[in-house]
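Here the structure comes first, spelled out in structure tokens, and everything after it is commentary.
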Amino acid sequence: MPRAPRVFVEGGIYHVYNRVTRGERVFAEDGAAQRLVDVMREIKQRDGLVVLAWCVMSNHTHLAARCTSAPLWRSTPSLLVLDLPIGTKTAAEG
């Protein structure tokens, strides 16, 4: 059963956490973290998102942001569909 939608509070501060499947280290690749930062800049301009803090680790990200009139659900999909170098592993590679 899907979880209930989050309550949107204009001016609210939200923590957005995004982890890559299977723990792959996609942000260790050259340019991957910069692509994420570029998308965050676009979202800030488009939606008026106020970025308070962010952290890019090798396989996940954290973002602390204050929403303005645009709800968070409008902004976050752009962060989740980045073109990142995600490889595939066989069962033997584990």
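Residue numbers start at 1 in each chain; chains themselves are named A, B, ... in the order of the structure tokens; ligands are numbered from 1 in the order shown.
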
**Q.** In chain A, DSSP strand (DSSP E or B) residues written as a PyMOL selection string
**A.** chain A and resi 13-19+50-56+60-66

List as an mmCIF file with N, CA and C atoms, in the first residue's frame the protein and nucleic acid residues near Gln45 of chain A, meaning an atom at most 12 Å away when only C-alpha atoms are counted, but skip any in the same chain fewer than 6 places from it.
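The resulting file, result-v5.cif, is shown below:
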data_model
loop_
_atom_site.group_PDB
_atom_site.id
_atom_site.type_symbol
_atom_site.label_atom_id
_atom_site.label_comp_id
_atom_site.auth_asym_id
_atom_site.auth_seq_id
_atom_site.Cartn_x
_atom_site.Cartn_y
_atom_site.Cartn_z
ATOM 1 N N ASP A 38 24.096 21.258 -10.805
ATOM 2 C CA ASP A 38 23.501 22.032 -11.901
ATOM 3 C C ASP A 38 21.980 21.917 -11.895
ATOM 4 N N VAL A 39 21.469 20.714 -11.657
ATOM 5 C CA VAL A 39 20.013 20.514 -11.599
ATOM 6 C C VAL A 39 19.433 21.257 -10.395
ATOM 7 N N VAL A 51 17.786 26.456 -0.967
ATOM 8 C CA VAL A 51 18.660 25.368 -0.527
ATOM 9 C C VAL A 51 19.426 25.843 0.698
ATOM 10 N N THR A 68 8.967 27.387 -1.235
ATOM 11 C CA THR A 68 8.200 28.627 -1.332
ATOM 12 C C THR A 68 6.788 28.226 -1.740
ATOM 13 N N ALA A 70 5.889 26.772 -4.543
ATOM 14 C CA ALA A 70 5.885 25.510 -5.289
ATOM 15 C C ALA A 70 6.082 24.355 -4.315
ATOM 16 N N SER A 75 9.479 19.707 -7.304
ATOM 17 C CA SER A 75 10.918 19.871 -7.463
ATOM 18 C C SER A 75 11.703 18.564 -7.437
#

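Using only C-alpha atoms for every distance, the candidate list A:Ser78, A:Phe27, A:Thr21, A:Val16 yields A:Val16 as the residue closest to Ala53 of chain A.
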
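One distance worth recording is that between atom CA of Gln34 of chain A and atom CA of Val20 of chain A, which is 16.4 Å.
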
Q. What gap, in Å, lies between atom CA of Ala32 of chain A and atom CA of Ala64 of chain A?
A. 19.6 Å

Spatial neighbours of Ser58 of chain A, max dist 8 Å, only C-alpha atoms, sep filter under 6 positions, as a JSON list (two decimals) with N, CA and C atoms, in the first residue's frame:
[["chain", "number", "residue", "atom", "x", "y", "z"],
["A", 24, "GLU", "N", 25.44, 1.47, -5.57],
["A", 24, "GLU", "CA", 26.46, 1.79, -6.56],
["A", 24, "GLU", "C", 27.00, 3.20, -6.33],
["A", 25, "ARG", "N", 28.26, 3.38, -6.58],
["A", 25, "ARG", "CA", 28.95, 4.62, -6.27],
["A", 25, "ARG", "C", 28.92, 5.59, -7.47],
["A", 26, "VAL", "N", 27.74, 6.00, -7.87],
["A", 26, "VAL", "CA", 27.60, 6.83, -9.07],
["A", 26, "VAL", "C", 28.16, 8.23, -8.91],
["A", 27, "PHE", "N", 28.15, 8.76, -7.70],
["A", 27, "PHE", "CA", 28.67, 10.12, -7.53],
["A", 27, "PHE", "C", 30.18, 10.14, -7.38],
["A", 28, "ALA", "N", 30.82, 8.98, -7.42],
["A", 28, "ALA", "CA", 32.28, 8.92, -7.43],
["A", 28, "ALA", "C", 32.82, 9.18, -8.84]]

Q | For atom CA of Thr61 of chain A and atom CA of Pro77 of chain A, the interatomic separation in Å (one decimal) | A | 13.7 Å

Q) Which of these, A:Gly11, A:Pro2, A:Arg22, A:Leu63, has the shortest distance to Met40 of chain A once you count only C-alpha atoms? A) A:Leu63

Q. Counting only C-alpha atoms, what is within 12 Å of Thr76 of chain A, bar same-chain residues fewer than 2 positions away, as a ChimeraX atom specification?
A. /A:14-18,36,39-40,42-44,47,49,62-65,67,70-74,78-82

Please produce a file of those selected residues containing C-alpha atoms, as a PDB file, in the first residue's frame.
ATOM      1  CA  TYR A  14      12.300  19.588   4.273  1.00  0.00           C
ATOM      2  CA  HIS A  15      15.041  16.952   4.281  1.00  0.00           C
ATOM      3  CA  VAL A  16      15.283  15.124   0.944  1.00  0.00           C
ATOM      4  CA  TYR A  17      17.322  11.914   0.898  1.00  0.00           C
ATOM      5  CA  ASN A  18      18.081   9.982  -2.268  1.00  0.00           C
ATOM      6  CA  LEU A  36      23.360  17.175  -9.539  1.00  0.00           C
ATOM      7  CA  VAL A  39      20.013  20.514 -11.599  1.00  0.00           C
ATOM      8  CA  MET A  40      19.653  21.976  -8.082  1.00  0.00           C
ATOM      9  CA  GLU A  42      17.791  25.017 -12.179  1.00  0.00           C
ATOM     10  CA  ILE A  43      15.222  23.923  -9.578  1.00  0.00           C
ATOM     11  CA  LYS A  44      16.085  26.900  -7.365  1.00  0.00           C
ATOM     12  CA  ASP A  47      10.539  26.704  -8.256  1.00  0.00           C
ATOM     13  CA  LEU A  49      13.430  26.456  -3.681  1.00  0.00           C
ATOM     14  CA  HIS A  62      20.984  14.857   1.237  1.00  0.00           C
ATOM     15  CA  LEU A  63      19.245  18.161   0.663  1.00  0.00           C
ATOM     16  CA  ALA A  64      17.799  20.524   3.257  1.00  0.00           C
ATOM     17  CA  ALA A  65      15.520  23.031   1.572  1.00  0.00           C
ATOM     18  CA  CYS A  67       9.831  25.473  -0.103  1.00  0.00           C
ATOM     19  CA  ALA A  70       5.885  25.510  -5.289  1.00  0.00           C
ATOM     20  CA  PRO A  71       5.364  22.228  -3.431  1.00  0.00           C
ATOM     21  CA  LEU A  72       8.298  19.893  -2.911  1.00  0.00           C
ATOM     22  CA  TRP A  73       6.730  17.164  -5.064  1.00  0.00           C
ATOM     23  CA  ARG A  74       7.184  19.470  -8.059  1.00  0.00           C
ATOM     24  CA  SER A  78      14.133  16.453 -11.296  1.00  0.00           C
ATOM     25  CA  LEU A  79      16.721  15.327  -8.748  1.00  0.00           C
ATOM     26  CA  LEU A  80      15.745  11.674  -9.075  1.00  0.00           C
ATOM     27  CA  VAL A  81      16.048  11.289 -12.842  1.00  0.00           C
ATOM     28  CA  LEU A  82      19.594  12.463 -13.438  1.00  0.00           C
TER      29      LEU A  82
END

Q.
Give me, as a PyMOL selection string, the residues of chain A that a backbone DSSP run labels helix (DSSP H, G or I).
A. chain A and resi 21-23+26-28+32-47+72-80

Selection from above, C-alpha atoms, as a PDB file, in the first residue's frame, can you write it?
ATOM      1  CA  THR A  21      19.902   1.237  -5.857  1.00  0.00           C
ATOM      2  CA  ARG A  22      22.351  -1.503  -4.874  1.00  0.00           C
ATOM      3  CA  GLY A  23      24.679   1.047  -3.292  1.00  0.00           C
ATOM      4  CA  VAL A  26      27.604   6.826  -9.067  1.00  0.00           C
ATOM      5  CA  PHE A  27      28.667  10.116  -7.526  1.00  0.00           C
ATOM      6  CA  ALA A  28      32.278   8.922  -7.433  1.00  0.00           C
ATOM      7  CA  ALA A  32      28.200  13.207 -11.684  1.00  0.00           C
ATOM      8  CA  ALA A  33      28.059  15.401  -8.577  1.00  0.00           C
ATOM      9  CA  GLN A  34      28.381  18.516 -10.726  1.00  0.00           C
ATOM     10  CA  ARG A  35      25.340  17.431 -12.774  1.00  0.00           C
ATOM     11  CA  LEU A  36      23.360  17.175  -9.539  1.00  0.00           C
ATOM     12  CA  VAL A  37      24.461  20.670  -8.480  1.00  0.00           C
ATOM     13  CA  ASP A  38      23.501  22.032 -11.901  1.00  0.00           C
ATOM     14  CA  VAL A  39      20.013  20.514 -11.599  1.00  0.00           C
ATOM     15  CA  MET A  40      19.653  21.976  -8.082  1.00  0.00           C
ATOM     16  CA  ARG A  41      20.467  25.428  -9.513  1.00  0.00           C
ATOM     17  CA  GLU A  42      17.791  25.017 -12.179  1.00  0.00           C
ATOM     18  CA  ILE A  43      15.222  23.923  -9.578  1.00  0.00           C
ATOM     19  CA  LYS A  44      16.085  26.900  -7.365  1.00  0.00           C
ATOM     20  CA  GLN A  45      15.412  29.270 -10.251  1.00  0.00           C
ATOM     21  CA  ARG A  46      12.309  27.484 -11.555  1.00  0.00           C
ATOM     22  CA  ASP A  47      10.539  26.704  -8.256  1.00  0.00           C
ATOM     23  CA  LEU A  72       8.298  19.893  -2.911  1.00  0.00           C
ATOM     24  CA  TRP A  73       6.730  17.164  -5.064  1.00  0.00           C
ATOM     25  CA  ARG A  74       7.184  19.470  -8.059  1.00  0.00           C
ATOM     26  CA  SER A  75      10.918  19.871  -7.463  1.00  0.00           C
ATOM     27  CA  THR A  76      12.189  16.476  -6.335  1.00  0.00           C
ATOM     28  CA  PRO A  77      11.515  14.382  -9.464  1.00  0.00           C
ATOM     29  CA  SER A  78      14.133  16.453 -11.296  1.00  0.00           C
ATOM     30  CA  LEU A  79      16.721  15.327  -8.748  1.00  0.00           C
ATOM     31  CA  LEU A  80      15.745  11.674  -9.075  1.00  0.00           C
TER      32      LEU A  80
END
